[in-house]
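Heads up, the thing below is written out as structure tokens.
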Amino acid sequence: MTALWAVAIKELRQIARDRRTLMVLLVVPAFFLFLYGYALNFDIRHVSLAVEDRDGSPESRDLVAAFGRSQYFTVVADLAPGVDPGPLLDRRIARAALVIPPDYSERLASGDTSEVQVLVDGDNANTATTVVAYINAVFRQVETQWRGRSVDRPGVVRVAPILVESRVWYNPELRSTVFLVPGLIAFIAMITAVISTALSIVREKEHGTMEQVRMAPIPQASFVLGKTLPYLVLSQIGATLIVVAAMIFFHLPMHGSWIALSVVLAVFLVGALGTGVLISTVADSQQVAFQAAALIAMLPTLILSGFIFPIASMPTALQYVTTVIPAKYFLIALRGVVLKGLDLSAVVAPVLAMCAYAAVVLGLSAVRLGRQ
């Protein structure tokens, strides 16, 4: 323990004199949070909508008004009957077009189904899917209002519809920020932790102090843990501040315990820091260490952790690869604690997986230092 604390204190002094390391640990995470937090957003507002009302009845105008009242649509063009809305979609003046047939109100009054045409620009599949979902939501709202007004109308026979009431838990407004910000926390924490420790041992090599460390009676395990401990404390503080900033600026809910959150963060950061130490045992220069750390930390966390792309939709081979990505388990535990309010007993499986990963990378780091 004495050797471990000696290495840790020495590393803390080194970090205090190295402004670049402090910048990576404290300033860069906040910069990434605001940059990606505001840039990455799957929510769509004010979709430009062109309307061709061939009916011109109060019912058709009510339908158009329903789209205008929605926060998701903005009516940008009111076309005369018979005018083709296609050119507006081609020139991206409108992202969608609503075409109301001339017998819209008559069919509604008679109890028949009235078909309404909606044209959506599909050059971006994700945006088009979201726009179609918004359109269907507006139609359901209009249908509910119409049934309420016409249920007592004489001469119209209506079959009672099946009433479906959906409830979305943990994110009732379906805000993409609630889904993306926990992933950003994992992404930022992984990058900063891996890069900071990857540069630490390589710095010893470049300054020639690694030989002095080899001559000292310090076990490899104590050296690795002593190198990791100061960065763990600073990374834990930085990650906690990121969570607080996400709550303030992006309205990230916090339904769980801060103690559980701290444990989940600590276990994940130990594995990330161990990955950086392992990289530093292989790289011979800070430039190589930085590039390797950025590559290993960035791509798997971004692509294979479930941060943006669902793991269930990946090929089977890649799904097996994701089992060794620590950010995958961190996201499960983080979302469980922050969004669902789970305690540690409910996220014990992903926490144990992160513990296993941390033990493996720290053990490999100690072995490689011993061989060197």
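Just remember, in the structure tokens the first chain shown is A, the second B, etc., residues are 1-based per chain, and ligands are 1-based in the order shown.
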
Mind the document's chain letters and residue numbers, and return as a short mmCIF file (atom, residue, chain, number, x, y, z; two decimals) with C-alpha atoms, in the first residue's frame the residues of stretch 88-314 of chain A that DSSP labels strand (DSSP E).
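Result written to states10.cif:
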```
data_model
loop_
_atom_site.label_atom_id
_atom_site.label_comp_id
_atom_site.auth_asym_id
_atom_site.auth_seq_id
_atom_site.Cartn_x
_atom_site.Cartn_y
_atom_site.Cartn_z
CA ALA A 96 -44.45 17.10 -46.63
CA ALA A 97 -47.66 17.81 -48.54
CA LEU A 98 -51.26 17.27 -47.43
CA VAL A 99 -53.84 16.71 -50.19
CA ILE A 100 -57.49 16.72 -49.05
CA GLN A 117 -53.14 11.82 -49.28
CA VAL A 118 -49.90 12.74 -47.59
CA LEU A 119 -46.64 13.10 -49.52
CA VAL A 120 -43.39 13.00 -47.53
#
```

### Query
Excluding same-chain residues fewer than 3 positions from A:Asp103, what lies within 9 Å of it counting only C-alpha atoms, as a ChimeraX atom specification?
/A:54-55,100,106-108,114

Would you save the residues of that selection, restricted to C-alpha atoms, as an mmCIF file, in the first residue's frame?
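Final output, again.cif:
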```cif
data_model
loop_
_atom_site.group_PDB
_atom_site.id
_atom_site.type_symbol
_atom_site.label_atom_id
_atom_site.label_comp_id
_atom_site.auth_asym_id
_atom_site.auth_seq_id
_atom_site.Cartn_x
_atom_site.Cartn_y
_atom_site.Cartn_z
ATOM 1 C CA ARG A 54 -59.713 20.466 -52.679
ATOM 2 C CA ASP A 55 -62.752 20.357 -50.410
ATOM 3 C CA ILE A 100 -57.492 16.720 -49.049
ATOM 4 C CA GLU A 106 -69.312 14.382 -47.436
ATOM 5 C CA ARG A 107 -67.764 11.012 -46.655
ATOM 6 C CA LEU A 108 -67.201 11.997 -43.039
ATOM 7 C CA SER A 114 -62.331 9.448 -46.212
#
```

### Task
List the neighbours of stretch 199-201 of chain A out to 7 Å using only C-alpha atoms; skip same-chain residues closer than 2 positions along the sequence, and give me the result as a PyMOL selection string.
chain A and resi 195-197+203-205+280+286+289-290

Could you write those residues out with C-alpha atoms, as a CSV table (one decimal), in the first residue's frame?
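Just written: part36.csv:
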```csv
chain,number,residue,atom,x,y,z
A,195,ILE,CA,-6.5,9.3,-23.3
A,196,SER,CA,-5.4,10.8,-20.0
A,197,THR,CA,-3.9,7.5,-18.7
A,203,ARG,CA,5.3,10.4,-20.8
A,204,GLU,CA,7.5,8.5,-18.3
A,205,LYS,CA,9.1,6.7,-21.2
A,280,SER,CA,0.5,3.2,-22.8
A,286,GLN,CA,2.5,10.3,-26.9
A,289,ALA,CA,-0.7,6.7,-27.6
A,290,PHE,CA,-3.2,9.5,-28.3
```

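Across the structure, atom CA of A:Val181 and atom CA of A:Tyr329 are spaced 15.7 Å apart.
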
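Atom CA of A:Val47 sits 8.8 Å away from atom CA of A:Gln71.
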
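The environment of stretch 182-193 of chain A within 7 Å, counting only C-alpha atoms and disregarding residues fewer than 5 places along the same chain, consists of Val24, Leu25, Pro29, Phe32, Leu33, Ser235, Ala239, Ile242, Leu269, Ala272, Leu273, Ala294, Ala297, Met298, Thr301, Leu302, Phe307, Ala327, Leu331, Leu334 and Arg335 of chain A.
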
Write to file, as an mmCIF file, in the first residue's frame, the residues of the selection just made, with N, CA and C atoms.
```cif
data_model
loop_
_atom_site.group_PDB
_atom_site.id
_atom_site.type_symbol
_atom_site.label_atom_id
_atom_site.label_comp_id
_atom_site.auth_asym_id
_atom_site.auth_seq_id
_atom_site.Cartn_x
_atom_site.Cartn_y
_atom_site.Cartn_z
ATOM 1 N N VAL A 24 -7.735 18.118 -20.424
ATOM 2 C CA VAL A 24 -8.405 16.925 -20.949
ATOM 3 C C VAL A 24 -9.424 16.389 -19.953
ATOM 4 N N LEU A 25 -9.085 16.428 -18.672
ATOM 5 C CA LEU A 25 -9.941 15.811 -17.665
ATOM 6 C C LEU A 25 -11.123 16.676 -17.261
ATOM 7 N N PRO A 29 -14.345 17.503 -21.423
ATOM 8 C CA PRO A 29 -15.656 16.851 -21.280
ATOM 9 C C PRO A 29 -16.824 17.818 -21.351
ATOM 10 N N PHE A 32 -17.317 18.849 -25.007
ATOM 11 C CA PHE A 32 -17.959 17.791 -25.788
ATOM 12 C C PHE A 32 -19.443 17.685 -25.455
ATOM 13 N N LEU A 33 -19.779 17.839 -24.174
ATOM 14 C CA LEU A 33 -21.182 17.713 -23.776
ATOM 15 C C LEU A 33 -22.039 18.762 -24.474
ATOM 16 N N SER A 235 -11.446 11.945 -12.862
ATOM 17 C CA SER A 235 -12.460 11.550 -13.843
ATOM 18 C C SER A 235 -13.825 11.403 -13.194
ATOM 19 N N ALA A 239 -16.950 13.425 -14.478
ATOM 20 C CA ALA A 239 -18.156 12.740 -14.948
ATOM 21 C C ALA A 239 -19.377 13.174 -14.141
ATOM 22 N N ILE A 242 -20.485 16.448 -15.395
ATOM 23 C CA ILE A 242 -21.169 16.301 -16.688
ATOM 24 C C ILE A 242 -22.634 15.925 -16.464
ATOM 25 N N LEU A 269 -15.218 3.848 -15.004
ATOM 26 C CA LEU A 269 -14.000 4.631 -15.185
ATOM 27 C C LEU A 269 -12.751 3.804 -14.881
ATOM 28 N N ALA A 272 -12.071 2.013 -18.024
ATOM 29 C CA ALA A 272 -11.582 2.934 -19.048
ATOM 30 C C ALA A 272 -10.141 3.357 -18.767
ATOM 31 N N LEU A 273 -9.851 3.668 -17.523
ATOM 32 C CA LEU A 273 -8.485 4.055 -17.175
ATOM 33 C C LEU A 273 -7.520 2.892 -17.364
ATOM 34 N N ALA A 294 -7.678 7.320 -28.888
ATOM 35 C CA ALA A 294 -8.862 7.897 -29.533
ATOM 36 C C ALA A 294 -9.578 6.862 -30.383
ATOM 37 N N ALA A 297 -11.162 4.065 -27.982
ATOM 38 C CA ALA A 297 -12.229 4.566 -27.119
ATOM 39 C C ALA A 297 -13.408 5.099 -27.910
ATOM 40 N N MET A 298 -13.141 5.717 -29.064
ATOM 41 C CA MET A 298 -14.197 6.433 -29.768
ATOM 42 C C MET A 298 -15.096 5.509 -30.567
ATOM 43 N N THR A 301 -17.287 2.762 -28.612
ATOM 44 C CA THR A 301 -18.295 3.404 -27.777
ATOM 45 C C THR A 301 -19.389 4.042 -28.616
ATOM 46 N N LEU A 302 -19.012 4.604 -29.744
ATOM 47 C CA LEU A 302 -19.982 5.299 -30.586
ATOM 48 C C LEU A 302 -20.858 4.336 -31.378
ATOM 49 N N PHE A 307 -25.284 3.203 -28.142
ATOM 50 C CA PHE A 307 -25.423 4.640 -27.929
ATOM 51 C C PHE A 307 -26.373 5.235 -28.970
ATOM 52 N N ALA A 327 -18.761 0.133 -22.536
ATOM 53 C CA ALA A 327 -19.774 1.198 -22.613
ATOM 54 C C ALA A 327 -21.183 0.633 -22.779
ATOM 55 N N LEU A 331 -24.061 1.918 -20.250
ATOM 56 C CA LEU A 331 -25.302 2.561 -20.683
ATOM 57 C C LEU A 331 -26.520 1.883 -20.061
ATOM 58 N N LEU A 334 -26.423 2.983 -16.396
ATOM 59 C CA LEU A 334 -26.644 4.428 -16.250
ATOM 60 C C LEU A 334 -28.098 4.792 -16.528
ATOM 61 N N ARG A 335 -28.649 4.286 -17.614
ATOM 62 C CA ARG A 335 -30.049 4.580 -17.924
ATOM 63 C C ARG A 335 -30.979 3.971 -16.873
#
```

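As for atom CA of A:Tyr134 and atom CA of A:Asp84, they are spaced 23.0 Å apart.
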